[in-house]
Amino acid sequence: MIIKEATFVASNARLEQLPASTMPEYAFVGRSNVGKSSLINMICSRKGLAKTSGKPGKTITINHFIINGSWYLVDLPGYGYAKRSKDAREKWSVLMDSYLLNRTNLITTFILIDSRIEPQKSDLQLMEWMGEHALPFVIVFTKSDKLGAVNLEKSVNTYKKQLLLQWEELPPVIVTSSELRKGKEEILDYIDSNNQHFDPYSNSIRT
Ligand SMILES: Nc1nc2c(ncn2[C@@H]2O[C@H](COP(=O)(O)OP(=O)(O)OP(=O)(O)O)[C@@H](O)[C@H]2O)c(=O)[nH]1
Ligand SMILES: [Mg+2]
């Protein structure tokens, strides 16, 4: 798929204000600083589309981008940012849970994981929660440029092994680097094939 047009639509902290749920939607979620906004910019080939930062906690709202006038990409605020107050963390969790559970046109959530770090409780808990609610997700390893080929493979395999302790089957896994523009085609192909099955009448994927 070629991205001809990528436009920022809206930034929201309340679900009632989100754009109408009439087009297929894909969300990017993960710990603060994992590279969600950078990945969105990379796959859209638009540098400043989603705001990025060296400091964690940059994205604090639900940000919608419309692609080729026909589907949404969503940049979500990160979790696991220790400096946020307990109150702010609870607000995040209520907003995210209800977004993920109630957004009928949300086709798949990309859960981003830093290639360099060991499996984290917060990420594994999110995946478990998604599984319990039958919400589809794809695992996206980020910042793969920071590791050599051997260590990258080791790290991804460790992660897969950890998941297989809990899951019978692995979700799709995509290794990316926004720095090296790696993983773009795989993500876009995945989205494209899902878009083909979107039913605008039910706002979901036809099965
Ligand atoms: N080397 C390298 N650095 C990256 C990559 N992706 C993101 N970064 C850096 O990681 C930092 C965080 O990137 P963001 O895209 O803002 O991360 P985020 O997940 O959106 O962060 P929050 O909005 O705070 O939750 C920035 O300094 C980016 O330049 C990558 O693929 N490789
Ligand atoms: Mg961000």
# chains A, B, ... in the order shown; residues from 1 in each chain; ligands from 1

call {"tool": "residues_near_ligand", "arguments": {"ligand": "ligand 1", "cutoff": "7 Å", "atoms": "only C-alpha atoms and all ligand atoms", "output": "ChimeraX atom specification"}}
result
/A:30-39,51-60,77-79,142-146,176-180

call {"tool": "residues_around", "arguments": {"residues": "stretch 147-154 of chain A", "least_positions_apart": "3", "cutoff": "12 Å", "atoms": "only C-alpha atoms", "output": "list in words"}}
result
Asp114, Ser115, Arg116, Ile117, Glu118, Phe141, Thr142, Lys143, Ser144, Asn157, Thr158, Tyr159, Lys160, Lys161, Val175, Thr176 and Ser177 of chain A

call {"tool": "select_by_dssp", "arguments": {"residues": "chain A", "states": "strand (DSSP E)", "output": "PyMOL selection string"}}
result
chain A and resi 6-12+25-30+62-67+71-75+106-114+137-142+173-175+198-199+204-205

call {"tool": "atom_distance", "arguments": {"atom1": "atom CA of A:Ala10", "atom2": "atom CA of A:Leu100"}}
result
17.5 Å

call {"tool": "closest_residue", "arguments": {"among": "A:Cys44, A:Leu76, A:Ile107, A:Leu49", "to": "A:Ser21", "atoms": "only C-alpha atoms"}}
result
A:Ile107

call {"tool": "closest_residue", "arguments": {"among": "A:Asp75, A:Pro24, A:Ile113, A:Gln125", "to": "ligand 2", "atoms": "only C-alpha atoms and all ligand atoms"}}
result
A:Asp75

call {"tool": "closest_residue", "arguments": {"among": "A:Leu165, A:Ala88, A:Ile205, A:Ala134", "to": "A:Glu25", "atoms": "only C-alpha atoms"}}
result
A:Ile205

call {"tool": "residues_around", "arguments": {"residues": "stretch 181-197 of chain A", "least_positions_apart": "4", "cutoff": "12 Å", "atoms": "only C-alpha atoms", "output": "ChimeraX atom specification"}}
result
/A:1-3,23-28,38-47,67-68,70-73,105-110,136-145,172-177,201-207

call {"tool": "decode", "arguments": {"residues": "stretch 56-70 of chain A", "atoms": "all heavy atoms", "output": "compact mmCIF listing (two decimals), in the first residue's frame"}}
result
# COMPACT_ATOMS: atom_id res chain seq x y z
N PRO A 56 10.10 10.68 28.07
CA PRO A 56 8.88 9.87 28.08
C PRO A 56 7.65 10.69 28.48
O PRO A 56 7.78 11.71 29.14
CB PRO A 56 9.17 8.78 29.11
CG PRO A 56 10.32 9.26 29.90
CD PRO A 56 11.06 10.25 29.08
N GLY A 57 6.48 10.22 28.06
CA GLY A 57 5.23 10.87 28.46
C GLY A 57 4.81 11.99 27.52
O GLY A 57 3.99 12.83 27.87
N LYS A 58 5.35 12.02 26.31
CA LYS A 58 5.03 13.12 25.37
C LYS A 58 3.55 13.07 24.94
O LYS A 58 2.85 14.07 24.98
CB LYS A 58 5.95 13.01 24.14
CG LYS A 58 5.64 13.99 23.04
CD LYS A 58 6.05 15.38 23.41
CE LYS A 58 5.66 16.39 22.35
NZ LYS A 58 5.90 17.77 22.81
N THR A 59 3.12 11.88 24.50
CA THR A 59 1.74 11.77 23.99
C THR A 59 0.80 11.50 25.16
O THR A 59 0.95 10.50 25.86
CB THR A 59 1.65 10.63 22.95
OG1 THR A 59 2.72 10.79 22.01
CG2 THR A 59 0.33 10.63 22.23
N ILE A 60 -0.16 12.41 25.39
CA ILE A 60 -1.04 12.21 26.55
C ILE A 60 -2.51 12.12 26.16
O ILE A 60 -3.38 11.99 27.01
CB ILE A 60 -0.84 13.32 27.63
CG1 ILE A 60 -0.96 14.69 26.99
CG2 ILE A 60 0.51 13.18 28.33
CD1 ILE A 60 -1.11 15.81 28.00
N THR A 61 -2.77 12.18 24.86
CA THR A 61 -4.17 12.08 24.41
C THR A 61 -4.27 11.02 23.32
O THR A 61 -3.26 10.51 22.84
CB THR A 61 -4.64 13.43 23.82
OG1 THR A 61 -3.62 13.88 22.94
CG2 THR A 61 -4.90 14.45 24.90
N ILE A 62 -5.51 10.73 22.90
CA ILE A 62 -5.76 9.80 21.80
C ILE A 62 -5.70 10.62 20.51
O ILE A 62 -6.51 11.53 20.31
CB ILE A 62 -7.14 9.13 21.95
CG1 ILE A 62 -7.19 8.33 23.27
CG2 ILE A 62 -7.46 8.25 20.76
CD1 ILE A 62 -8.55 7.71 23.56
N ASN A 63 -4.72 10.31 19.66
CA ASN A 63 -4.52 11.12 18.45
C ASN A 63 -4.88 10.34 17.20
O ASN A 63 -4.30 9.29 16.94
CB ASN A 63 -3.06 11.56 18.36
CG ASN A 63 -2.69 12.43 19.53
OD1 ASN A 63 -3.08 13.59 19.58
ND2 ASN A 63 -1.99 11.87 20.50
N HIS A 64 -5.84 10.88 16.45
CA HIS A 64 -6.27 10.22 15.22
C HIS A 64 -5.62 10.85 13.99
O HIS A 64 -5.59 12.08 13.86
CB HIS A 64 -7.79 10.33 15.07
CG HIS A 64 -8.53 9.26 15.79
ND1 HIS A 64 -8.66 9.23 17.15
CD2 HIS A 64 -9.15 8.14 15.32
CE1 HIS A 64 -9.35 8.16 17.49
NE2 HIS A 64 -9.66 7.48 16.41
N PHE A 65 -5.16 9.99 13.09
CA PHE A 65 -4.64 10.43 11.80
C PHE A 65 -5.43 9.69 10.74
O PHE A 65 -5.66 8.47 10.88
CB PHE A 65 -3.15 10.08 11.66
CG PHE A 65 -2.31 10.69 12.76
CD1 PHE A 65 -2.06 9.98 13.93
CD2 PHE A 65 -1.81 11.98 12.63
CE1 PHE A 65 -1.33 10.56 14.97
CE2 PHE A 65 -1.07 12.55 13.65
CZ PHE A 65 -0.82 11.85 14.82
N ILE A 66 -5.85 10.39 9.69
CA ILE A 66 -6.57 9.71 8.62
C ILE A 66 -5.61 9.49 7.45
O ILE A 66 -4.86 10.37 7.06
CB ILE A 66 -7.87 10.46 8.22
CG1 ILE A 66 -8.67 9.60 7.26
CG2 ILE A 66 -7.58 11.83 7.63
CD1 ILE A 66 -10.11 10.02 7.15
N ILE A 67 -5.63 8.25 6.96
CA ILE A 67 -4.69 7.85 5.92
C ILE A 67 -5.44 7.58 4.62
O ILE A 67 -6.42 6.82 4.62
CB ILE A 67 -3.89 6.59 6.35
CG1 ILE A 67 -3.40 6.69 7.80
CG2 ILE A 67 -2.76 6.30 5.37
CD1 ILE A 67 -2.45 7.83 8.11
N ASN A 68 -4.95 8.18 3.55
CA ASN A 68 -5.57 8.04 2.22
C ASN A 68 -7.09 8.25 2.26
O ASN A 68 -7.83 7.64 1.48
CB ASN A 68 -5.27 6.66 1.60
CG ASN A 68 -3.78 6.50 1.30
OD1 ASN A 68 -3.03 7.46 1.29
ND2 ASN A 68 -3.35 5.27 1.05
N GLY A 69 -7.55 9.04 3.22
CA GLY A 69 -8.97 9.34 3.34
C GLY A 69 -9.83 8.14 3.68
O GLY A 69 -11.06 8.22 3.64
N SER A 70 -9.21 7.01 4.05
CA SER A 70 -10.05 5.82 4.20
C SER A 70 -9.81 4.97 5.45
O SER A 70 -10.57 4.04 5.70
CB SER A 70 -9.92 4.94 2.96
OG SER A 70 -8.58 4.53 2.80
